[in-house]
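Visitor: Here it is, the structure in full.
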Amino acid sequence: ETGVTQSPTHLIKTRGQQVTLRCSSQSGHNTVSWYQQALGQGPQFIFQYYREEENGRGNFPPRFSGLQFPNYSSELNVNALELDDSALYLCASTPGLAGAGEQFFGPGTRLTVL
Amino acid sequence: AQSVSQHNHHVILSEAASLELGCNYSYGGTVNLFWYVQYPGQHLQLLLKYFSGDPLVKGIKGFEAEFIKSKFSFNLRKPSVQWSDTAEYFCAVRVNQAGTALIFGKGTTLSVSS
């Protein structure tokens, strides 16, 4: 069984640029959530996708957007990058929407904004 | 807004010492509770979870946690730590019927010396 994978591992961008991060969910999981983990902080929920629809969003501005594809993989897009967007971005998948299952996390993408 | 507080930012112990990491949450309704661990260079992994029933839950690697509803607490314990327990520990809460989004604490770094 393949776990959650994310690409790229590391990324360096400059202020104002746009970035796309990718996530492949664990086999059989149809729900994907994205989290931002700033240095020294716990992960913060960005949004969740279920069957290609956004289903829940945290306190992040609209320049954070996402997609989920028919194979349940997902993208996180961030426009107009700011210095404070520098963080580890985590993707997590679960086998259901509001089920009791745990979330399975990927290794993350480290984004640095200069 | 719901929040999770972890009382200890950095805990330093010798091998064989007992461990207790505090976690409190602010939400008056039904919650699911989790402890995740992040070993150096690895992704977040689930240690244990509580949904209902016996408030004392046992997880992997000898960890356990007790849910005390009256205190809004879910403290993590281990009777005797090992050097390999050196990691960052995160307490997380899922507010029931709100999808699978988790609210994380800021984390506690545990350093165990041999």
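So you can find residues: chains in the structure tokens are A, B, ... in the order shown, residues in each start at 1, and ligands are numbered from 1 in order.
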Once you count only C-alpha atoms, what closest atom pair and distance in Å to one decimal does each residue of chain A within 8 Å of chain B have, with rows by chain and rising residue number, as CSV?
Guide:
residue,atom,partner,partner_atom,distance
A:Ser33,CA,B:Ala101,CA,7.2
A:Gly40,CA,B:Lys106,CA,7.1
A:Gln41,CA,B:Lys106,CA,4.6
A:Gly42,CA,B:Lys106,CA,4.2
A:Pro43,CA,B:Phe104,CA,6.0
A:Gln44,CA,B:Phe104,CA,6.8
A:Phe45,CA,B:Ala101,CA,6.5
A:Phe47,CA,B:Ala101,CA,7.9
A:Gln48,CA,B:Ala101,CA,7.3
A:Asn55,CA,B:Gly99,CA,7.6
A:Gly56,CA,B:Gly99,CA,7.1
A:Thr94,CA,B:Thr100,CA,7.9
A:Leu97,CA,B:Gly99,CA,5.9
A:Ala98,CA,B:Gly99,CA,4.5
A:Gly99,CA,B:Thr100,CA,7.4
A:Ala100,CA,B:Phe51,CA,7.6
A:Glu102,CA,B:Leu46,CA,7.5
A:Gln103,CA,B:Thr100,CA,7.8
A:Phe104,CA,B:Gln45,CA,7.3
A:Phe105,CA,B:Leu44,CA,5.9
A:Gly106,CA,B:His43,CA,6.2
A:Pro107,CA,B:His43,CA,4.6
A:Gly108,CA,B:His43,CA,7.4
Visitor: I want to know what sits within 8 Å of Ser18 in chain B, based on only C-alpha atoms, with residues of the same chain fewer than 4 positions away left out; could you give that as a list in words?
Guide: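 Within the cut-off, the hits are Arg77, Lys78, Pro79, Ser80 and Val81 of chain B.
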Visitor: Write the selection just made, keeping C-alpha atoms, as a PDB file, in the first residue's frame?
Guide:
ATOM      1  CA  ARG B  77       1.989   9.500  29.247  1.00  0.00           C
ATOM      2  CA  LYS B  78       4.722   6.916  29.048  1.00  0.00           C
ATOM      3  CA  PRO B  79       6.115   5.166  32.152  1.00  0.00           C
ATOM      4  CA  SER B  80       9.676   4.860  30.882  1.00  0.00           C
ATOM      5  CA  VAL B  81      11.031   6.803  27.914  1.00  0.00           C
TER       6      VAL B  81
END
Visitor: What lies within 6 Å of Ala80 in chain A using only C-alpha atoms, ignoring chain neighbours under 5 positions off, as JSON, numbers by chain?
Guide: {"A": [16, 17, 18]}
Visitor: Those residues you just picked out, can you put them in a file as a PDB file, in the first residue's frame with N, CA, C and O atoms?
Guide:
ATOM      1  N   GLY A  16       5.482  37.519  -4.556  1.00  0.00           N
ATOM      2  CA  GLY A  16       4.667  37.854  -5.709  1.00  0.00           C
ATOM      3  C   GLY A  16       4.474  36.710  -6.686  1.00  0.00           C
ATOM      4  O   GLY A  16       3.551  36.739  -7.515  1.00  0.00           O
ATOM      5  N   GLN A  17       5.338  35.690  -6.598  1.00  0.00           N
ATOM      6  CA  GLN A  17       5.197  34.565  -7.523  1.00  0.00           C
ATOM      7  C   GLN A  17       4.044  33.659  -7.100  1.00  0.00           C
ATOM      8  O   GLN A  17       3.429  33.834  -6.041  1.00  0.00           O
ATOM      9  N   GLN A  18       3.786  32.687  -7.960  1.00  0.00           N
ATOM     10  CA  GLN A  18       2.738  31.707  -7.702  1.00  0.00           C
ATOM     11  C   GLN A  18       3.392  30.332  -7.578  1.00  0.00           C
ATOM     12  O   GLN A  18       4.443  30.080  -8.163  1.00  0.00           O
TER      13      GLN A  18
END
Visitor: Just give me the gap between CA of Ile46 in chain A and CA of Tyr89 in chain A in Å, one decimal is fine.
Guide: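 The value is 9.5 Å.
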Visitor: Could you state the separation of CA of Ser3 in chain B and CA of Glu52 in chain A in Å, given to one decimal place?
Guide: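 Between CA of Ser3 in chain B and CA of Glu52 in chain A the gap works out to 28.3 Å.
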Visitor: Hey, what's within 7 Å of Ser14 in chain B if we count only C-alpha atoms and toss same-chain stuff fewer than 2 positions away? As a PyMOL selection string, please?
Guide: chain B and resi 16-17+112-114
Visitor: Using only N, CA, C and O atoms, please write the residues we just selected to a file, as a tab-separated table (two decimals), in the first residue's frame.
Guide:
chain	number	residue	atom	x	y	z
B	16	ALA	N	14.51	6.12	30.80
B	16	ALA	CA	13.82	5.43	31.89
B	16	ALA	C	12.97	6.37	32.75
B	16	ALA	O	12.22	5.89	33.61
B	17	ALA	N	13.09	7.67	32.52
B	17	ALA	CA	12.23	8.60	33.27
B	17	ALA	C	10.80	8.48	32.75
B	17	ALA	O	10.56	8.05	31.62
B	112	VAL	N	15.42	13.07	24.79
B	112	VAL	CA	15.75	12.02	25.76
B	112	VAL	C	17.23	11.72	25.64
B	112	VAL	O	17.74	11.41	24.56
B	113	SER	N	17.93	11.85	26.76
B	113	SER	CA	19.37	11.56	26.76
B	113	SER	C	19.61	10.15	27.29
B	113	SER	O	18.94	9.69	28.21
B	114	SER	N	20.62	9.51	26.67
B	114	SER	CA	20.90	8.11	27.06
B	114	SER	C	21.92	8.07	28.19
B	114	SER	O	22.53	9.08	28.53
Visitor: Can you pull out every residue within 12 Å of Leu21 in chain A, counting only C-alpha atoms, but drop anything in the same chain fewer than 5 positions away, and send it as a count of residues only?
Guide: 30
Visitor: So which residues touch Ile12 in chain A within 8 Å, counting only C-alpha atoms, skipping near sequence neighbours fewer than 6 positions away, as a list in words?
Guide: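 Result of the neighbour search: Leu111, Thr112, Val113 and Leu114 of chain A.
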Visitor: For the residues in that selection, give me C-alpha atoms as a PDB file, in the first residue's frame.
Guide:
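File out14.pdb, as written:
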ATOM      1  CA  LEU A 111       8.390  26.295   0.713  1.00  0.00           C
ATOM      2  CA  THR A 112      10.773  29.198   1.154  1.00  0.00           C
ATOM      3  CA  VAL A 113       9.693  32.632  -0.052  1.00  0.00           C
ATOM      4  CA  LEU A 114      12.481  35.186  -0.493  1.00  0.00           C
TER       5      LEU A 114
END
Visitor: Report as a ChimeraX atom specification all protein, DNA and RNA residues lying within 7 Å of Thr31 in chain A, evaluated on only C-alpha atoms, omitting residues in the same chain fewer than 2 positions from it.
Guide: /A:29,33,49-51,93-97
Visitor: Take the residues from that selection and put them in a file with C-alpha atoms, as a short mmCIF file (atom, residue, chain, number, x, y, z; two decimals), in the first residue's frame.
Guide:
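This went into selection_0.cif:
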data_model
loop_
_atom_site.label_atom_id
_atom_site.label_comp_id
_atom_site.auth_asym_id
_atom_site.auth_seq_id
_atom_site.Cartn_x
_atom_site.Cartn_y
_atom_site.Cartn_z
CA HIS A 29 -8.68 7.52 0.32
CA SER A 33 -6.70 17.97 3.58
CA TYR A 49 -11.37 18.28 -0.59
CA TYR A 50 -13.86 15.47 -0.89
CA ARG A 51 -14.76 13.97 -4.24
CA SER A 93 -5.70 11.81 3.34
CA THR A 94 -8.51 9.85 4.95
CA PRO A 95 -10.79 7.13 3.65
CA GLY A 96 -13.96 9.12 4.26
CA LEU A 97 -15.38 12.57 4.79
#
Visitor: Using only C-alpha atoms, which of B:Leu47, B:Leu19, B:Ile68, B:Val93 sits nearest Val31 in chain B?
Guide: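 Of B:Leu47, B:Leu19, B:Ile68, B:Val93, the one nearest Val31 in chain B is B:Val93, counting only C-alpha atoms.
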Visitor: Smallest atom-to-atom distance to Asn71 in chain A: which of A:Ser25, A:Ala92, A:Val4, A:Leu83, using only C-alpha atoms?
Guide: A:Ser25
